[in-house]
file query_2.txt (compact mmCIF, C-alpha atoms and all ligand atoms)
# COMPACT_ATOMS: atom_id res chain seq x y z
CA MET Z 1 17.83 14.95 -11.43
CA SER Z 2 16.48 11.42 -10.97
CA GLN Z 3 18.60 8.63 -12.49
CA VAL Z 4 16.11 5.84 -11.96
CA GLN Z 5 14.80 4.23 -15.15
CA ILE Z 6 11.43 2.56 -14.68
CA PRO Z 7 10.49 0.19 -17.52
CA GLN Z 8 7.36 1.25 -19.38
CA ASP Z 9 5.92 -2.04 -20.63
CA SER Z 10 3.79 -3.78 -18.01
CA GLY Z 11 5.66 -7.14 -17.88
CA SER Z 12 9.09 -5.57 -17.37
CA ARG Z 13 7.71 -3.02 -14.94
CA ARG Z 14 6.11 -5.77 -12.86
CA ASP Z 15 9.44 -7.66 -12.69
CA TYR Z 16 11.29 -4.44 -11.88
CA VAL Z 17 8.97 -3.60 -8.95
CA LYS Z 18 9.09 -7.14 -7.63
CA GLY Z 19 12.91 -7.19 -7.79
CA LEU Z 20 13.09 -3.79 -6.11
CA PHE Z 21 10.95 -4.84 -3.14
CA ASN Z 22 12.79 -8.14 -2.83
CA SER Z 23 16.03 -6.16 -2.57
CA ILE Z 24 14.84 -3.83 0.23
CA ALA Z 25 12.64 -6.27 2.22
CA GLY Z 26 15.11 -6.52 5.10
CA THR Z 27 15.29 -2.76 5.74
CA TYR Z 28 11.77 -1.79 4.58
CA ASP Z 29 10.16 -1.33 8.00
CA LEU Z 30 13.07 0.56 9.53
CA LEU Z 31 13.13 2.94 6.57
CA ASN Z 32 9.37 3.39 6.62
CA THR Z 33 9.55 4.51 10.23
CA LEU Z 34 12.55 6.77 9.63
CA LEU Z 35 11.24 8.36 6.46
CA SER Z 36 7.64 8.88 7.50
CA PHE Z 37 8.47 9.97 11.08
CA ARG Z 38 6.13 7.13 12.16
CA MET Z 39 3.14 8.74 10.45
CA ASP Z 40 2.62 5.54 8.41
CA LEU Z 41 1.63 3.85 11.65
CA LEU Z 42 -1.12 6.41 12.34
CA TRP Z 43 -2.38 6.27 8.76
CA ARG Z 44 -2.72 2.47 8.89
CA ARG Z 45 -4.60 2.68 12.19
CA LYS Z 46 -6.97 5.25 10.73
CA THR Z 47 -7.55 2.88 7.80
CA VAL Z 48 -8.56 0.08 10.19
CA LYS Z 49 -10.85 2.44 12.10
CA ILE Z 50 -12.64 3.65 8.98
CA ALA Z 51 -13.01 0.07 7.71
CA ASN Z 52 -15.21 -0.69 10.73
CA VAL Z 53 -15.08 -4.43 9.97
CA PRO Z 54 -18.22 -6.23 11.15
CA PRO Z 55 -17.87 -8.94 13.84
CA GLY Z 56 -16.45 -12.10 12.24
CA GLY Z 57 -15.62 -10.20 9.02
CA PHE Z 58 -13.17 -11.32 6.31
CA VAL Z 59 -10.38 -8.93 5.38
CA LEU Z 60 -7.99 -9.03 2.42
CA ASP Z 61 -4.84 -6.89 2.53
CA LEU Z 62 -3.25 -6.59 -0.91
CA CYS Z 63 0.39 -5.57 -1.47
CA THR Z 64 0.73 -6.44 2.21
CA GLY Z 65 4.54 -6.16 2.23
CA THR Z 66 5.78 -7.05 5.69
CA GLY Z 67 2.16 -7.31 6.84
CA LYS Z 68 1.86 -4.15 8.95
CA LEU Z 69 -1.72 -3.32 7.96
CA ALA Z 70 -2.79 -6.97 8.15
CA PHE Z 71 -1.44 -7.13 11.73
CA ASP Z 72 -3.39 -3.97 12.60
CA PHE Z 73 -6.60 -5.49 11.23
CA ALA Z 74 -5.99 -8.68 13.22
CA GLY Z 75 -5.32 -6.81 16.46
CA ARG Z 76 -7.61 -3.79 16.19
CA SER Z 77 -10.73 -4.89 14.32
CA GLN Z 78 -13.49 -7.43 14.75
CA ALA Z 79 -12.28 -9.50 11.79
CA SER Z 80 -12.17 -13.27 12.21
CA GLN Z 81 -9.81 -13.80 9.27
CA VAL Z 82 -7.19 -11.53 7.70
CA ILE Z 83 -5.42 -12.56 4.51
CA GLY Z 84 -2.30 -10.71 3.39
CA THR Z 85 -0.78 -11.21 -0.05
CA ASP Z 86 2.17 -9.70 -1.90
CA PHE Z 87 4.04 -10.75 -5.02
CA SER Z 88 7.48 -10.23 -3.45
CA GLN Z 89 8.59 -13.48 -1.82
CA ASP Z 90 11.08 -11.64 0.41
CA MET Z 91 8.44 -9.23 1.75
CA VAL Z 92 6.11 -12.18 2.47
CA ALA Z 93 9.01 -13.97 4.22
CA GLN Z 94 9.40 -10.92 6.51
CA ALA Z 95 5.65 -10.91 7.22
CA LEU Z 96 5.73 -14.61 8.12
CA ASP Z 97 8.70 -13.98 10.38
CA PHE Z 98 6.96 -11.12 12.24
CA LYS Z 99 3.84 -13.25 12.54
CA LYS Z 100 5.73 -15.62 14.87
CA SER Z 101 6.20 -12.82 17.41
CA ILE Z 102 2.63 -11.51 17.75
CA PRO Z 103 0.14 -12.70 20.40
CA ALA Z 104 -1.75 -15.92 19.60
CA PRO Z 105 -5.29 -14.51 19.22
CA SER Z 106 -4.17 -12.16 16.44
CA ARG Z 107 -1.67 -14.63 15.00
CA GLN Z 108 -4.32 -17.28 14.47
CA LYS Z 109 -6.44 -14.91 12.37
CA ILE Z 110 -3.73 -14.13 9.80
CA ILE Z 111 -2.64 -15.96 6.67
CA PHE Z 112 0.07 -14.67 4.33
CA PHE Z 113 0.87 -15.92 0.86
CA GLN Z 114 2.61 -14.79 -2.28
CA GLY Z 115 0.18 -13.46 -4.87
CA ASP Z 116 -0.57 -10.77 -7.42
CA ALA Z 117 -3.03 -7.99 -6.55
CA LEU Z 118 -4.27 -8.05 -10.14
CA ARG Z 119 -5.14 -11.78 -10.09
CA ILE Z 120 -6.84 -12.37 -6.76
CA PRO Z 121 -7.37 -16.11 -6.21
CA PHE Z 122 -10.77 -15.85 -4.50
CA LYS Z 123 -14.32 -16.10 -5.76
CA GLU Z 124 -16.83 -13.26 -6.13
CA ASN Z 125 -18.37 -11.64 -3.01
CA THR Z 126 -15.86 -12.96 -0.46
CA PHE Z 127 -14.54 -10.04 1.60
CA ASP Z 128 -16.09 -7.48 3.98
CA ALA Z 129 -13.05 -5.21 3.70
CA ILE Z 130 -10.20 -5.03 1.21
CA SER Z 131 -7.18 -2.84 1.88
CA CYS Z 132 -3.99 -1.87 0.14
CA ALA Z 133 -1.42 0.46 1.72
CA PHE Z 134 1.22 2.17 -0.44
CA GLY Z 135 0.73 -0.44 -3.14
CA ILE Z 136 -1.23 1.08 -6.02
CA ARG Z 137 1.57 3.40 -7.17
CA ASN Z 138 3.36 0.19 -8.06
CA VAL Z 139 0.66 -1.86 -9.74
CA VAL Z 140 0.83 -1.77 -13.51
CA ASP Z 141 -2.91 -1.57 -14.20
CA LEU Z 142 -5.08 0.51 -11.87
CA LYS Z 143 -8.27 -0.30 -13.76
CA GLU Z 144 -7.63 -4.00 -13.20
CA TYR Z 145 -6.90 -3.36 -9.51
CA PHE Z 146 -10.25 -1.63 -8.97
CA SER Z 147 -12.20 -4.22 -10.97
CA GLU Z 148 -10.53 -7.26 -9.32
CA THR Z 149 -11.11 -5.82 -5.83
CA HIS Z 150 -14.73 -5.06 -6.78
CA ARG Z 151 -15.21 -8.66 -7.96
CA VAL Z 152 -14.04 -10.24 -4.67
CA SER Z 153 -15.76 -7.71 -2.37
CA LYS Z 154 -19.10 -8.56 -0.80
CA VAL Z 155 -22.00 -6.27 -1.68
CA GLY Z 156 -21.76 -3.56 0.99
CA GLY Z 157 -18.05 -4.37 1.45
CA ILE Z 158 -15.48 -1.58 1.70
CA LEU Z 159 -12.29 -0.89 -0.27
CA LEU Z 160 -9.58 1.13 1.49
CA THR Z 161 -6.64 2.22 -0.60
CA LEU Z 162 -3.99 4.19 1.24
CA GLU Z 163 -1.39 5.90 -0.91
CA LEU Z 164 1.30 8.57 -0.77
CA THR Z 165 0.16 11.62 -2.71
CA ARG Z 166 1.38 15.12 -3.48
CA PRO Z 167 0.42 17.39 -0.57
CA SER Z 168 -2.49 19.75 -1.16
CA ASN Z 169 -1.55 22.01 1.77
CA ARG Z 170 0.76 24.85 0.60
CA LEU Z 171 2.71 25.05 3.86
CA VAL Z 172 3.36 21.31 3.84
CA ARG Z 173 4.53 21.57 0.18
CA ILE Z 174 7.37 23.98 1.08
CA GLY Z 175 9.29 21.37 3.05
CA TYR Z 176 7.96 18.38 1.20
CA TYR Z 177 9.77 18.53 -2.17
CA PRO Z 178 13.30 19.02 -0.78
CA TYR Z 179 12.48 16.16 1.56
CA LEU Z 180 11.18 13.93 -1.26
CA HIS Z 181 14.00 14.56 -3.73
CA PHE Z 182 16.98 14.95 -1.41
CA TYR Z 183 16.60 13.61 2.15
CA LEU Z 184 14.53 10.57 1.25
CA PRO Z 185 16.78 9.13 -1.53
CA LEU Z 186 19.88 9.90 0.57
CA ILE Z 187 18.69 8.08 3.71
CA GLY Z 188 17.05 5.37 1.60
CA ARG Z 189 20.29 4.64 -0.28
CA TRP Z 190 22.35 4.72 2.88
CA VAL Z 191 20.16 2.34 4.91
CA SER Z 192 18.90 -0.04 2.20
CA GLY Z 193 22.11 -0.20 0.15
CA ASN Z 194 19.96 0.11 -2.99
CA PRO Z 195 20.93 3.30 -4.87
CA PHE Z 196 17.65 3.59 -6.78
CA ALA Z 197 14.85 2.24 -4.56
CA TYR Z 198 14.05 5.54 -2.89
CA GLU Z 199 14.54 7.56 -6.05
CA TYR Z 200 11.90 5.22 -7.46
CA LEU Z 201 9.64 6.16 -4.55
CA ALA Z 202 10.11 9.91 -5.16
CA LYS Z 203 9.58 9.54 -8.91
CA THR Z 204 6.41 7.44 -8.60
CA ILE Z 205 4.88 9.90 -6.11
CA THR Z 206 5.66 12.85 -8.38
CA GLU Z 207 4.22 11.13 -11.46
CA PHE Z 208 1.22 9.42 -9.86
CA VAL Z 209 -2.32 10.21 -11.03
CA SER Z 210 -4.31 12.78 -9.05
CA PRO Z 211 -6.81 11.86 -6.30
CA GLY Z 212 -9.63 13.09 -8.56
CA ASP Z 213 -8.57 10.69 -11.33
CA ILE Z 214 -8.37 7.80 -8.85
CA LEU Z 215 -11.92 8.48 -7.66
CA ALA Z 216 -13.15 8.58 -11.27
CA LEU Z 217 -11.46 5.23 -11.97
CA MET Z 218 -13.00 3.65 -8.87
CA GLU Z 219 -16.47 4.80 -9.86
CA LYS Z 220 -16.00 3.48 -13.38
CA GLN Z 221 -15.23 0.02 -11.97
CA GLY Z 222 -18.44 0.02 -9.92
CA TRP Z 223 -17.34 1.36 -6.53
CA LYS Z 224 -19.93 3.64 -4.88
CA LYS Z 225 -19.79 6.47 -2.31
CA CYS Z 226 -16.17 7.02 -3.31
CA ARG Z 227 -14.24 9.57 -1.31
CA ALA Z 228 -10.64 10.70 -0.81
CA ILE Z 229 -9.56 11.50 2.73
CA PRO Z 230 -6.35 13.61 2.82
CA LEU Z 231 -3.99 12.72 5.67
CA THR Z 232 -1.28 15.00 7.10
CA GLY Z 233 -1.86 17.85 4.65
CA GLY Z 234 -2.31 15.43 1.73
CA ILE Z 235 1.08 13.66 2.03
CA ALA Z 236 -1.06 10.54 2.03
CA THR Z 237 -4.64 9.98 0.93
CA LEU Z 238 -7.06 7.26 1.92
CA PHE Z 239 -9.41 6.34 -0.93
CA VAL Z 240 -12.61 4.67 0.23
CA GLY Z 241 -15.40 3.05 -1.76
CA ILE Z 242 -18.33 0.75 -1.06
CA LYS Z 243 -19.56 -2.08 -3.34
C1 LIG Z 301 5.51 0.20 -0.52
S1 LIG Z 301 5.21 -1.48 -0.21
C2 LIG Z 301 3.84 -1.43 0.90
C3 LIG Z 301 3.81 -2.59 1.87
C4 LIG Z 301 2.73 -2.53 2.95
N1 LIG Z 301 1.40 -2.53 2.40
C5 LIG Z 301 2.90 -1.38 3.91
O1 LIG Z 301 1.89 -0.79 4.32
O2 LIG Z 301 4.03 -1.09 4.32
C6 LIG Z 301 4.45 -1.97 -1.71
C7 LIG Z 301 4.29 -3.47 -1.82
O3 LIG Z 301 3.46 -3.74 -2.96
C8 LIG Z 301 3.89 -4.96 -3.53
N2 LIG Z 301 3.34 -5.04 -4.88
C9 LIG Z 301 3.49 -4.17 -5.89
N3 LIG Z 301 2.78 -4.55 -6.96
C10 LIG Z 301 2.13 -5.68 -6.61
C11 LIG Z 301 1.24 -6.56 -7.27
N4 LIG Z 301 0.85 -6.35 -8.54
N5 LIG Z 301 0.76 -7.62 -6.60
C12 LIG Z 301 1.15 -7.86 -5.33
N6 LIG Z 301 2.02 -7.09 -4.65
C13 LIG Z 301 2.50 -6.00 -5.28
C14 LIG Z 301 5.41 -4.89 -3.42
O4 LIG Z 301 6.01 -6.14 -3.49
C15 LIG Z 301 5.57 -4.24 -2.04
O5 LIG Z 301 5.73 -5.18 -1.02
call {"tool": "encode", "arguments": {"input": "query_2.txt", "output": "structure tokens", "more": "lines below"}}
Ligand SMILES: C[S@@+](CC[C@H](N)C(=O)[O-])C[C@H]1O[C@@H](n2cnc3c(N)ncnc32)[C@H](O)[C@@H]1O
result
Amino acid sequence: MSQVQIPQDSGSRRDYVKGLFNSIAGTYDLLNTLLSFRMDLLWRRKTVKIANVPPGGFVLDLCTGTGKLAFDFAGRSQASQVIGTDFSQDMVAQALDFKKSIPAPSRQKIIFFQGDALRIPFKENTFDAISCAFGIRNVVDLKEYFSETHRVSKVGGILLTLELTRPSNRLVRIGYYPYLHFYLPLIGRWVSGNPFAYEYLAKTITEFVSPGDILALMEKQGWKKCRAIPLTGGIATLFVGIK
């Protein structure tokens, strides 16, 4: 039985999520690798491939965390500028730290700053591609997320939202729930030192809206050609839309 109590009102929930990610920033990448068996790496690469950023394109990575997807865009796409933002100052500090160790051509393309995915400080029609990996389960207002991203996307621009979802494949489901509710919180607590962070992860995956509902929300906010691409039996899903 989960003991984690997630606040319901949007202001408290926002502070709760921010505090949670600040508290696990130092161990976030190690745990990601351990808990996803490195699949997160493949999913991010697939996201960059599907984005197919045009030469010289502008990319915005929301909820960038330690910047993993932003680094992939800088190194593996034709983007000339990649901007990564996150509201957790400690996650952004990690991203800025990692930035120092990557090769100069990629490094020079990336900017990180602290910011809220629901109040994007850019004008209309700015970006060729906007991405968000494992972030939307945490944002307090999904409608606002899809409308803000739509506002700052160029016409013809692409939105790529990668998120952990409940597996659609029956075989995958057999091992998945014991993993999600037992192994994951246990390892998460042990490595991060935070007793609730990985229970939070399990709870938010279990309670998250269905892929069909996400697609409907995207369309309502103006995104076109919306599709959901299941990854690894539906453990993750990449939601894609075009403005
Ligand atoms: C699970 S982490 C994902 C980090 C990264 N995108 C990755 O691929 O590993 C979720 C991140 O979303 C950030 N976040 C949650 N809600 C946010 C919001 N409203 N605005 C900006 N960042 C947010 C958290 O601070 C956290 O760093």
call {"tool": "residues_around", "arguments": {"input": "query_2.txt", "residues": "Lys123 of chain Z", "least_positions_apart": "3", "cutoff": "9 Å", "atoms": "only C-alpha atoms", "output": "list in words"}}
result
Ile120, Thr126, Arg151 and Val152 of chain Z
call {"tool": "atom_distance", "arguments": {"input": "query_2.txt", "atom1": "atom CA of Cys132 of chain Z", "atom2": "atom CA of Lys49 of chain Z"}}
result
14.4 Å
call {"tool": "closest_atom_pairs", "arguments": {"input": "query_2.txt", "of": "chain Z", "to": "ligand LIG 301 (chain Z)", "cutoff": "7 Å", "atoms": "all atoms listed in the file", "output": "tab-separated table"}}
result
residue	atom	partner	partner_atom	distance
Z:Arg14	CA	Z:LIG301	N4	6.8
Z:Val17	CA	Z:LIG301	C9	6.3
Z:Lys18	CA	Z:LIG301	O4	5.3
Z:Phe21	CA	Z:LIG301	O4	5.1
Z:Leu62	CA	Z:LIG301	C12	6.4
Z:Cys63	CA	Z:LIG301	O3	3.9
Z:Thr64	CA	Z:LIG301	N1	4.0
Z:Gly65	CA	Z:LIG301	O5	3.6
Z:Thr66	CA	Z:LIG301	C4	6.1
Z:Gly67	CA	Z:LIG301	C4	6.2
Z:Lys68	CA	Z:LIG301	O1	5.7
Z:Leu69	CA	Z:LIG301	O1	5.7
Z:Thr85	CA	Z:LIG301	C12	6.5
Z:Asp86	CA	Z:LIG301	N6	3.8
Z:Phe87	CA	Z:LIG301	C12	4.1
Z:Ser88	CA	Z:LIG301	O4	4.3
Z:Met91	CA	Z:LIG301	O5	5.6
Z:Gly115	CA	Z:LIG301	C12	5.7
Z:Asp116	CA	Z:LIG301	N5	3.5
Z:Ala117	CA	Z:LIG301	N5	3.8
Z:Leu118	CA	Z:LIG301	N4	5.6
Z:Cys132	CA	Z:LIG301	N1	5.9
Z:Ala133	CA	Z:LIG301	N1	4.2
Z:Phe134	CA	Z:LIG301	C2	4.6
Z:Gly135	CA	Z:LIG301	C6	4.3
Z:Ile136	CA	Z:LIG301	N3	7.0
Z:Asn138	CA	Z:LIG301	C9	4.9
Z:Val139	CA	Z:LIG301	N3	4.4
Z:Val140	CA	Z:LIG301	N4	6.8
call {"tool": "residues_around", "arguments": {"input": "query_2.txt", "residues": "Pro103 of chain Z", "least_positions_apart": "4", "cutoff": "12 Å", "atoms": "all atoms listed in the file", "output": "list in words"}}
result
Phe71, Ala74, Gly75, Phe98, Lys99, Arg107, Gln108, Lys109 and Ile110 of chain Z
call {"tool": "write_last_selection", "arguments": {"input": "query_2.txt", "atoms": "C-alpha atoms", "output": "short mmCIF file (atom, residue, chain, number, x, y, z; two decimals), in the coordinates of the input"}}
result
data_model
loop_
_atom_site.label_atom_id
_atom_site.label_comp_id
_atom_site.auth_asym_id
_atom_site.auth_seq_id
_atom_site.Cartn_x
_atom_site.Cartn_y
_atom_site.Cartn_z
CA PHE Z 71 -1.44 -7.13 11.73
CA ALA Z 74 -5.99 -8.68 13.22
CA GLY Z 75 -5.32 -6.81 16.46
CA PHE Z 98 6.96 -11.12 12.24
CA LYS Z 99 3.84 -13.25 12.54
CA ARG Z 107 -1.67 -14.63 15.00
CA GLN Z 108 -4.32 -17.28 14.47
CA LYS Z 109 -6.44 -14.91 12.37
CA ILE Z 110 -3.73 -14.13 9.80
#
call {"tool": "closest_residue", "arguments": {"input": "query_2.txt", "among": "Z:Arg189, Z:Lys143, Z:Lys224, Z:Arg137", "to": "Val209 of chain Z", "atoms": "all atoms listed in the file"}}
result
Z:Arg137
call {"tool": "closest_residue", "arguments": {"input": "query_2.txt", "among": "Z:Asp9, Z:Glu163, Z:Asp141, Z:Asp90", "to": "Trp43 of chain Z", "atoms": "all atoms listed in the file"}}
result
Z:Glu163
call {"tool": "residues_near_point", "arguments": {"input": "query_2.txt", "point": "(6.1, 8.2, -4.7)", "cutoff": "12 Å", "atoms": "only C-alpha atoms", "output": "PDB file with C-alpha atoms, in the frame of the given file"}}
result
ATOM      1  CA  PHE Z 134       1.220   2.170  -0.440  1.00  0.00           C
ATOM      2  CA  GLY Z 135       0.730  -0.440  -3.140  1.00  0.00           C
ATOM      3  CA  ILE Z 136      -1.230   1.080  -6.020  1.00  0.00           C
ATOM      4  CA  ARG Z 137       1.570   3.400  -7.170  1.00  0.00           C
ATOM      5  CA  ASN Z 138       3.360   0.190  -8.060  1.00  0.00           C
ATOM      6  CA  GLU Z 163      -1.390   5.900  -0.910  1.00  0.00           C
ATOM      7  CA  LEU Z 164       1.300   8.570  -0.770  1.00  0.00           C
ATOM      8  CA  THR Z 165       0.160  11.620  -2.710  1.00  0.00           C
ATOM      9  CA  ARG Z 166       1.380  15.120  -3.480  1.00  0.00           C
ATOM     10  CA  PRO Z 167       0.420  17.390  -0.570  1.00  0.00           C
ATOM     11  CA  TYR Z 176       7.960  18.380   1.200  1.00  0.00           C
ATOM     12  CA  TYR Z 177       9.770  18.530  -2.170  1.00  0.00           C
ATOM     13  CA  TYR Z 179      12.480  16.160   1.560  1.00  0.00           C
ATOM     14  CA  LEU Z 180      11.180  13.930  -1.260  1.00  0.00           C
ATOM     15  CA  HIS Z 181      14.000  14.560  -3.730  1.00  0.00           C
ATOM     16  CA  LEU Z 184      14.530  10.570   1.250  1.00  0.00           C
ATOM     17  CA  PRO Z 185      16.780   9.130  -1.530  1.00  0.00           C
ATOM     18  CA  ALA Z 197      14.850   2.240  -4.560  1.00  0.00           C
ATOM     19  CA  TYR Z 198      14.050   5.540  -2.890  1.00  0.00           C
ATOM     20  CA  GLU Z 199      14.540   7.560  -6.050  1.00  0.00           C
ATOM     21  CA  TYR Z 200      11.900   5.220  -7.460  1.00  0.00           C
ATOM     22  CA  LEU Z 201       9.640   6.160  -4.550  1.00  0.00           C
ATOM     23  CA  ALA Z 202      10.110   9.910  -5.160  1.00  0.00           C
ATOM     24  CA  LYS Z 203       9.580   9.540  -8.910  1.00  0.00           C
ATOM     25  CA  THR Z 204       6.410   7.440  -8.600  1.00  0.00           C
ATOM     26  CA  ILE Z 205       4.880   9.900  -6.110  1.00  0.00           C
ATOM     27  CA  THR Z 206       5.660  12.850  -8.380  1.00  0.00           C
ATOM     28  CA  GLU Z 207       4.220  11.130 -11.460  1.00  0.00           C
ATOM     29  CA  PHE Z 208       1.220   9.420  -9.860  1.00  0.00           C
ATOM     30  CA  VAL Z 209      -2.320  10.210 -11.030  1.00  0.00           C
ATOM     31  CA  ILE Z 235       1.080  13.660   2.030  1.00  0.00           C
ATOM     32  CA  ALA Z 236      -1.060  10.540   2.030  1.00  0.00           C
TER      33      ALA Z 236
END
call {"tool": "atom_distance", "arguments": {"input": "query_2.txt", "atom1": "atom CA of Gly84 of chain Z", "atom2": "atom CA of Ala70 of chain Z"}}
result
6.1 Å
call {"tool": "atom_distance", "arguments": {"input": "query_2.txt", "atom1": "atom CA of Phe239 of chain Z", "atom2": "atom CA of Thr161 of chain Z"}}
result
5.0 Å
call {"tool": "residues_around", "arguments": {"input": "query_2.txt", "residues": "Leu159 of chain Z", "least_positions_apart": "2", "cutoff": "6 Å", "atoms": "only C-alpha atoms", "output": "ChimeraX atom specification"}}
result
/Z:129-131,240-241
call {"tool": "write_last_selection", "arguments": {"input": "query_2.txt", "atoms": "C-alpha atoms", "output": "PDB file, in the coordinates of the input"}}
result
ATOM      1  CA  ALA Z 129     -13.050  -5.210   3.700  1.00  0.00           C
ATOM      2  CA  ILE Z 130     -10.200  -5.030   1.210  1.00  0.00           C
ATOM      3  CA  SER Z 131      -7.180  -2.840   1.880  1.00  0.00           C
ATOM      4  CA  VAL Z 240     -12.610   4.670   0.230  1.00  0.00           C
ATOM      5  CA  GLY Z 241     -15.400   3.050  -1.760  1.00  0.00           C
TER       6      GLY Z 241
END
call {"tool": "closest_residue", "arguments": {"input": "query_2.txt", "among": "Z:Asn52, Z:Asn32, Z:Gln114, Z:Ser147", "to": "Gln89 of chain Z", "atoms": "all atoms listed in the file"}}
result
Z:Gln114
call {"tool": "residues_around", "arguments": {"input": "query_2.txt", "residues": "Leu42 of chain Z", "least_positions_apart": "4", "cutoff": "12 Å", "atoms": "all atoms listed in the file", "output": "ChimeraX atom specification"}}
result
/Z:33,36-38,46-49,68-69,72,162,231-232,236
call {"tool": "closest_residue", "arguments": {"input": "query_2.txt", "among": "Z:Asp128, Z:Arg76, Z:Gly188, Z:Gly11", "to": "Gly56 of chain Z", "atoms": "all atoms listed in the file"}}
result
Z:Asp128
call {"tool": "residues_around", "arguments": {"input": "query_2.txt", "residues": "segment 213-218 of chain Z", "least_positions_apart": "3", "cutoff": "7 Å", "atoms": "all atoms listed in the file", "output": "ChimeraX atom specification"}}
result
/Z:143,146,209-210,221-223,226-227
